[in-house]
Amino acid sequence: LASTFPSVRQTAGDGGALFIDVDDPEAIKAGFQELLQNNVLRMSLIKAGQSNVKRYQADSIAQQYLNLYDEVINKS
């Protein structure tokens, strides 16, 4: 269950969270109820979240920086 704020959406990735309006208590309640009652959705979100977390592993981030540095150096 996550906020609809753009930075949160970007971090959670596609399908990694059920997005709700955190300023709406009824939306929060409905979101929790949906997660508790909908096993298929919950398992789908868990699977997507486990895949998404790989984007934030140290090796992956370091490789992204190396790729960026290579790109900058090779364009000079």
# chains A, B, ... in the order shown; residues from 1 in each chain; ligands from 1
call {"tool": "residues_around", "arguments": {"residues": "range 50-55 of chain A", "least_positions_apart": "4", "cutoff": "12 Å", "atoms": "only C-alpha atoms", "output": "PDB file with N, CA, C and O atoms, in the first residue's frame"}}
result
ATOM      1  N   ARG A   9       5.649   6.381  -6.541  1.00  0.00           N
ATOM      2  CA  ARG A   9       5.291   5.556  -7.706  1.00  0.00           C
ATOM      3  C   ARG A   9       6.547   5.087  -8.441  1.00  0.00           C
ATOM      4  O   ARG A   9       6.657   3.941  -8.846  1.00  0.00           O
ATOM      5  N   GLN A  10       7.492   6.013  -8.616  1.00  0.00           N
ATOM      6  CA  GLN A  10       8.724   5.668  -9.316  1.00  0.00           C
ATOM      7  C   GLN A  10       9.514   4.622  -8.536  1.00  0.00           C
ATOM      8  O   GLN A  10      10.045   3.676  -9.114  1.00  0.00           O
ATOM      9  N   THR A  11       9.582   4.775  -7.239  1.00  0.00           N
ATOM     10  CA  THR A  11      10.337   3.841  -6.411  1.00  0.00           C
ATOM     11  C   THR A  11       9.681   2.468  -6.381  1.00  0.00           C
ATOM     12  O   THR A  11      10.357   1.447  -6.492  1.00  0.00           O
ATOM     13  N   ALA A  12       8.373   2.430  -6.264  1.00  0.00           N
ATOM     14  CA  ALA A  12       7.659   1.155  -6.189  1.00  0.00           C
ATOM     15  C   ALA A  12       7.662   0.427  -7.525  1.00  0.00           C
ATOM     16  O   ALA A  12       7.564  -0.792  -7.564  1.00  0.00           O
ATOM     17  N   GLY A  13       7.791   1.166  -8.616  1.00  0.00           N
ATOM     18  CA  GLY A  13       7.823   0.541  -9.932  1.00  0.00           C
ATOM     19  C   GLY A  13       6.453   0.069 -10.383  1.00  0.00           C
ATOM     20  O   GLY A  13       5.452   0.208  -9.684  1.00  0.00           O
ATOM     21  N   ASP A  14       6.431  -0.527 -11.546  1.00  0.00           N
ATOM     22  CA  ASP A  14       5.178  -1.028 -12.116  1.00  0.00           C
ATOM     23  C   ASP A  14       4.699  -2.247 -11.354  1.00  0.00           C
ATOM     24  O   ASP A  14       5.379  -3.258 -11.275  1.00  0.00           O
ATOM     25  N   GLY A  15       3.530  -2.133 -10.778  1.00  0.00           N
ATOM     26  CA  GLY A  15       2.926  -3.272 -10.114  1.00  0.00           C
ATOM     27  C   GLY A  15       3.501  -3.620  -8.768  1.00  0.00           C
ATOM     28  O   GLY A  15       3.164  -4.654  -8.200  1.00  0.00           O
ATOM     29  N   GLY A  16       4.374  -2.776  -8.224  1.00  0.00           N
ATOM     30  CA  GLY A  16       5.015  -3.087  -6.954  1.00  0.00           C
ATOM     31  C   GLY A  16       4.265  -2.614  -5.733  1.00  0.00           C
ATOM     32  O   GLY A  16       4.693  -2.847  -4.612  1.00  0.00           O
ATOM     33  N   ALA A  17       3.125  -1.968  -5.946  1.00  0.00           N
ATOM     34  CA  ALA A  17       2.353  -1.473  -4.811  1.00  0.00           C
ATOM     35  C   ALA A  17       0.928  -1.195  -5.253  1.00  0.00           C
ATOM     36  O   ALA A  17       0.657  -0.975  -6.433  1.00  0.00           O
ATOM     37  N   MET A  43      -0.414 -11.430  -3.868  1.00  0.00           N
ATOM     38  CA  MET A  43       0.718 -12.218  -4.343  1.00  0.00           C
ATOM     39  C   MET A  43       1.371 -11.567  -5.564  1.00  0.00           C
ATOM     40  O   MET A  43       2.588 -11.602  -5.718  1.00  0.00           O
ATOM     41  N   SER A  44       0.572 -10.954  -6.411  1.00  0.00           N
ATOM     42  CA  SER A  44       1.111 -10.248  -7.577  1.00  0.00           C
ATOM     43  C   SER A  44       1.981  -9.068  -7.150  1.00  0.00           C
ATOM     44  O   SER A  44       3.068  -8.839  -7.704  1.00  0.00           O
ATOM     45  N   LEU A  45       1.509  -8.327  -6.151  1.00  0.00           N
ATOM     46  CA  LEU A  45       2.278  -7.179  -5.644  1.00  0.00           C
ATOM     47  C   LEU A  45       3.570  -7.640  -4.973  1.00  0.00           C
ATOM     48  O   LEU A  45       4.618  -7.010  -5.143  1.00  0.00           O
ATOM     49  N   ILE A  46       3.497  -8.735  -4.242  1.00  0.00           N
ATOM     50  CA  ILE A  46       4.705  -9.271  -3.599  1.00  0.00           C
ATOM     51  C   ILE A  46       5.726  -9.673  -4.646  1.00  0.00           C
ATOM     52  O   ILE A  46       6.912  -9.332  -4.547  1.00  0.00           O
ATOM     53  N   ASP A  59      25.144  -3.625  -6.243  1.00  0.00           N
ATOM     54  CA  ASP A  59      25.806  -3.985  -7.505  1.00  0.00           C
ATOM     55  C   ASP A  59      25.116  -3.359  -8.705  1.00  0.00           C
ATOM     56  O   ASP A  59      25.771  -2.874  -9.634  1.00  0.00           O
ATOM     57  N   SER A  60      23.800  -3.354  -8.678  1.00  0.00           N
ATOM     58  CA  SER A  60      23.027  -2.786  -9.782  1.00  0.00           C
ATOM     59  C   SER A  60      23.243  -1.276  -9.873  1.00  0.00           C
ATOM     60  O   SER A  60      23.453  -0.731 -10.955  1.00  0.00           O
ATOM     61  N   ILE A  61      23.222  -0.606  -8.753  1.00  0.00           N
ATOM     62  CA  ILE A  61      23.420   0.847  -8.743  1.00  0.00           C
ATOM     63  C   ILE A  61      24.838   1.201  -9.176  1.00  0.00           C
ATOM     64  O   ILE A  61      25.040   2.130  -9.959  1.00  0.00           O
ATOM     65  N   ALA A  62      25.810   0.453  -8.691  1.00  0.00           N
ATOM     66  CA  ALA A  62      27.201   0.705  -9.077  1.00  0.00           C
ATOM     67  C   ALA A  62      27.365   0.535 -10.580  1.00  0.00           C
ATOM     68  O   ALA A  62      28.037   1.348 -11.229  1.00  0.00           O
ATOM     69  N   GLN A  63      26.733  -0.485 -11.141  1.00  0.00           N
ATOM     70  CA  GLN A  63      26.819  -0.714 -12.590  1.00  0.00           C
ATOM     71  C   GLN A  63      26.175   0.435 -13.353  1.00  0.00           C
ATOM     72  O   GLN A  63      26.700   0.868 -14.387  1.00  0.00           O
ATOM     73  N   GLN A  64      25.076   0.951 -12.859  1.00  0.00           N
ATOM     74  CA  GLN A  64      24.432   2.084 -13.514  1.00  0.00           C
ATOM     75  C   GLN A  64      25.336   3.314 -13.517  1.00  0.00           C
ATOM     76  O   GLN A  64      25.413   4.041 -14.513  1.00  0.00           O
TER      77      GLN A  64
END
call {"tool": "select_by_dssp", "arguments": {"residues": "chain A", "states": "alpha helix (DSSP H)", "output": "ChimeraX atom specification"}}
result
/A:6-12,25-37,39-52,58-75
call {"tool": "closest_residue", "arguments": {"among": "A:Val8, A:Tyr56, A:Arg42, A:Leu1", "to": "Lys29 in chain A", "atoms": "only C-alpha atoms"}}
result
A:Leu1
call {"tool": "select_by_dssp", "arguments": {"residues": "chain A", "states": "strand (DSSP E or B)", "output": "PDB file with N, CA and C atoms, in the first residue's frame"}}
result
ATOM      1  N   ALA A   2       0.732   2.096  -0.980  1.00  0.00           N
ATOM      2  CA  ALA A   2       1.661   3.218  -1.118  1.00  0.00           C
ATOM      3  C   ALA A   2       0.938   4.466  -1.610  1.00  0.00           C
ATOM      4  N   SER A   3       1.556   5.582  -1.361  1.00  0.00           N
ATOM      5  CA  SER A   3       1.051   6.881  -1.780  1.00  0.00           C
ATOM      6  C   SER A   3       1.116   7.030  -3.295  1.00  0.00           C
ATOM      7  N   PHE A  19      -1.546   1.615  -5.045  1.00  0.00           N
ATOM      8  CA  PHE A  19      -1.436   3.051  -4.791  1.00  0.00           C
ATOM      9  C   PHE A  19      -2.779   3.624  -4.329  1.00  0.00           C
ATOM     10  N   ILE A  20      -2.702   4.461  -3.295  1.00  0.00           N
ATOM     11  CA  ILE A  20      -3.903   5.067  -2.737  1.00  0.00           C
ATOM     12  C   ILE A  20      -3.635   6.532  -2.396  1.00  0.00           C
TER      13      ILE A  20
END
call {"tool": "atom_distance", "arguments": {"atom1": "CA of Val22 in chain A", "atom2": "CA of Leu36 in chain A"}}
result
17.8 Å
call {"tool": "atom_distance", "arguments": {"atom1": "CA of Leu35 in chain A", "atom2": "CA of Phe5 in chain A"}}
result
19.5 Å
call {"tool": "atom_distance", "arguments": {"atom1": "CA of Gln37 in chain A", "atom2": "CA of Pro6 in chain A"}}
result
26.6 Å
call {"tool": "decode", "arguments": {"residues": "range 51-75 of chain A", "atoms": "N, CA, C and O atoms", "output": "PDB file, in the first residue's frame"}}
result
ATOM      1  N   SER A  51      10.848  -8.376  -7.438  1.00  0.00           N
ATOM      2  CA  SER A  51      11.581  -8.104  -8.675  1.00  0.00           C
ATOM      3  C   SER A  51      12.105  -6.672  -8.684  1.00  0.00           C
ATOM      4  O   SER A  51      13.243  -6.405  -9.074  1.00  0.00           O
ATOM      5  N   ASN A  52      11.279  -5.738  -8.226  1.00  0.00           N
ATOM      6  CA  ASN A  52      11.633  -4.320  -8.218  1.00  0.00           C
ATOM      7  C   ASN A  52      12.807  -4.018  -7.298  1.00  0.00           C
ATOM      8  O   ASN A  52      13.633  -3.154  -7.601  1.00  0.00           O
ATOM      9  N   VAL A  53      12.897  -4.726  -6.181  1.00  0.00           N
ATOM     10  CA  VAL A  53      13.952  -4.440  -5.204  1.00  0.00           C
ATOM     11  C   VAL A  53      15.340  -4.655  -5.804  1.00  0.00           C
ATOM     12  O   VAL A  53      16.316  -4.039  -5.366  1.00  0.00           O
ATOM     13  N   LYS A  54      15.433  -5.463  -6.827  1.00  0.00           N
ATOM     14  CA  LYS A  54      16.726  -5.713  -7.486  1.00  0.00           C
ATOM     15  C   LYS A  54      17.311  -4.427  -8.077  1.00  0.00           C
ATOM     16  O   LYS A  54      18.522  -4.297  -8.189  1.00  0.00           O
ATOM     17  N   ARG A  55      16.436  -3.484  -8.419  1.00  0.00           N
ATOM     18  CA  ARG A  55      16.924  -2.209  -8.972  1.00  0.00           C
ATOM     19  C   ARG A  55      17.726  -1.417  -7.955  1.00  0.00           C
ATOM     20  O   ARG A  55      18.475  -0.516  -8.307  1.00  0.00           O
ATOM     21  N   TYR A  56      17.569  -1.732  -6.679  1.00  0.00           N
ATOM     22  CA  TYR A  56      18.197  -0.957  -5.620  1.00  0.00           C
ATOM     23  C   TYR A  56      19.332  -1.696  -4.919  1.00  0.00           C
ATOM     24  O   TYR A  56      19.832  -1.226  -3.905  1.00  0.00           O
ATOM     25  N   GLN A  57      19.759  -2.811  -5.475  1.00  0.00           N
ATOM     26  CA  GLN A  57      20.899  -3.520  -4.905  1.00  0.00           C
ATOM     27  C   GLN A  57      22.176  -2.779  -5.270  1.00  0.00           C
ATOM     28  O   GLN A  57      22.300  -2.189  -6.341  1.00  0.00           O
ATOM     29  N   ALA A  58      23.139  -2.823  -4.373  1.00  0.00           N
ATOM     30  CA  ALA A  58      24.378  -2.058  -4.541  1.00  0.00           C
ATOM     31  C   ALA A  58      25.066  -2.362  -5.865  1.00  0.00           C
ATOM     32  O   ALA A  58      25.530  -1.446  -6.553  1.00  0.00           O
ATOM     33  N   ASP A  59      25.144  -3.625  -6.243  1.00  0.00           N
ATOM     34  CA  ASP A  59      25.806  -3.985  -7.505  1.00  0.00           C
ATOM     35  C   ASP A  59      25.116  -3.359  -8.705  1.00  0.00           C
ATOM     36  O   ASP A  59      25.771  -2.874  -9.634  1.00  0.00           O
ATOM     37  N   SER A  60      23.800  -3.354  -8.678  1.00  0.00           N
ATOM     38  CA  SER A  60      23.027  -2.786  -9.782  1.00  0.00           C
ATOM     39  C   SER A  60      23.243  -1.276  -9.873  1.00  0.00           C
ATOM     40  O   SER A  60      23.453  -0.731 -10.955  1.00  0.00           O
ATOM     41  N   ILE A  61      23.222  -0.606  -8.753  1.00  0.00           N
ATOM     42  CA  ILE A  61      23.420   0.847  -8.743  1.00  0.00           C
ATOM     43  C   ILE A  61      24.838   1.201  -9.176  1.00  0.00           C
ATOM     44  O   ILE A  61      25.040   2.130  -9.959  1.00  0.00           O
ATOM     45  N   ALA A  62      25.810   0.453  -8.691  1.00  0.00           N
ATOM     46  CA  ALA A  62      27.201   0.705  -9.077  1.00  0.00           C
ATOM     47  C   ALA A  62      27.365   0.535 -10.580  1.00  0.00           C
ATOM     48  O   ALA A  62      28.037   1.348 -11.229  1.00  0.00           O
ATOM     49  N   GLN A  63      26.733  -0.485 -11.141  1.00  0.00           N
ATOM     50  CA  GLN A  63      26.819  -0.714 -12.590  1.00  0.00           C
ATOM     51  C   GLN A  63      26.175   0.435 -13.353  1.00  0.00           C
ATOM     52  O   GLN A  63      26.700   0.868 -14.387  1.00  0.00           O
ATOM     53  N   GLN A  64      25.076   0.951 -12.859  1.00  0.00           N
ATOM     54  CA  GLN A  64      24.432   2.084 -13.514  1.00  0.00           C
ATOM     55  C   GLN A  64      25.336   3.314 -13.517  1.00  0.00           C
ATOM     56  O   GLN A  64      25.413   4.041 -14.513  1.00  0.00           O
ATOM     57  N   TYR A  65      26.036   3.548 -12.399  1.00  0.00           N
ATOM     58  CA  TYR A  65      26.985   4.667 -12.344  1.00  0.00           C
ATOM     59  C   TYR A  65      28.137   4.441 -13.316  1.00  0.00           C
ATOM     60  O   TYR A  65      28.552   5.368 -14.031  1.00  0.00           O
ATOM     61  N   LEU A  66      28.671   3.234 -13.366  1.00  0.00           N
ATOM     62  CA  LEU A  66      29.758   2.939 -14.312  1.00  0.00           C
ATOM     63  C   LEU A  66      29.314   3.179 -15.742  1.00  0.00           C
ATOM     64  O   LEU A  66      30.058   3.763 -16.547  1.00  0.00           O
ATOM     65  N   ASN A  67      28.105   2.743 -16.075  1.00  0.00           N
ATOM     66  CA  ASN A  67      27.577   2.958 -17.424  1.00  0.00           C
ATOM     67  C   ASN A  67      27.444   4.451 -17.731  1.00  0.00           C
ATOM     68  O   ASN A  67      27.782   4.904 -18.826  1.00  0.00           O
ATOM     69  N   LEU A  68      26.987   5.210 -16.757  1.00  0.00           N
ATOM     70  CA  LEU A  68      26.847   6.653 -16.936  1.00  0.00           C
ATOM     71  C   LEU A  68      28.211   7.308 -17.133  1.00  0.00           C
ATOM     72  O   LEU A  68      28.393   8.132 -18.042  1.00  0.00           O
ATOM     73  N   TYR A  69      29.172   6.952 -16.295  1.00  0.00           N
ATOM     74  CA  TYR A  69      30.521   7.516 -16.420  1.00  0.00           C
ATOM     75  C   TYR A  69      31.135   7.160 -17.764  1.00  0.00           C
ATOM     76  O   TYR A  69      31.750   8.011 -18.417  1.00  0.00           O
ATOM     77  N   ASP A  70      30.975   5.927 -18.204  1.00  0.00           N
ATOM     78  CA  ASP A  70      31.483   5.515 -19.522  1.00  0.00           C
ATOM     79  C   ASP A  70      30.855   6.334 -20.625  1.00  0.00           C
ATOM     80  O   ASP A  70      31.530   6.785 -21.563  1.00  0.00           O
ATOM     81  N   GLU A  71      29.564   6.570 -20.514  1.00  0.00           N
ATOM     82  CA  GLU A  71      28.849   7.344 -21.524  1.00  0.00           C
ATOM     83  C   GLU A  71      29.383   8.790 -21.560  1.00  0.00           C
ATOM     84  O   GLU A  71      29.611   9.348 -22.629  1.00  0.00           O
ATOM     85  N   VAL A  72      29.562   9.388 -20.407  1.00  0.00           N
ATOM     86  CA  VAL A  72      30.055  10.767 -20.335  1.00  0.00           C
ATOM     87  C   VAL A  72      31.481  10.852 -20.891  1.00  0.00           C
ATOM     88  O   VAL A  72      31.793  11.750 -21.673  1.00  0.00           O
ATOM     89  N   ILE A  73      32.338   9.916 -20.500  1.00  0.00           N
ATOM     90  CA  ILE A  73      33.730   9.928 -20.967  1.00  0.00           C
ATOM     91  C   ILE A  73      33.807   9.713 -22.471  1.00  0.00           C
ATOM     92  O   ILE A  73      34.567  10.407 -23.160  1.00  0.00           O
ATOM     93  N   ASN A  74      33.028   8.812 -23.003  1.00  0.00           N
ATOM     94  CA  ASN A  74      33.089   8.500 -24.417  1.00  0.00           C
ATOM     95  C   ASN A  74      32.469   9.577 -25.304  1.00  0.00           C
ATOM     96  O   ASN A  74      32.732   9.617 -26.496  1.00  0.00           O
ATOM     97  N   LYS A  75      31.673  10.463 -24.741  1.00  0.00           N
ATOM     98  CA  LYS A  75      31.089  11.558 -25.514  1.00  0.00           C
ATOM     99  C   LYS A  75      31.989  12.780 -25.536  1.00  0.00           C
ATOM    100  O   LYS A  75      31.749  13.713 -26.267  1.00  0.00           O
TER     101      LYS A  75
END
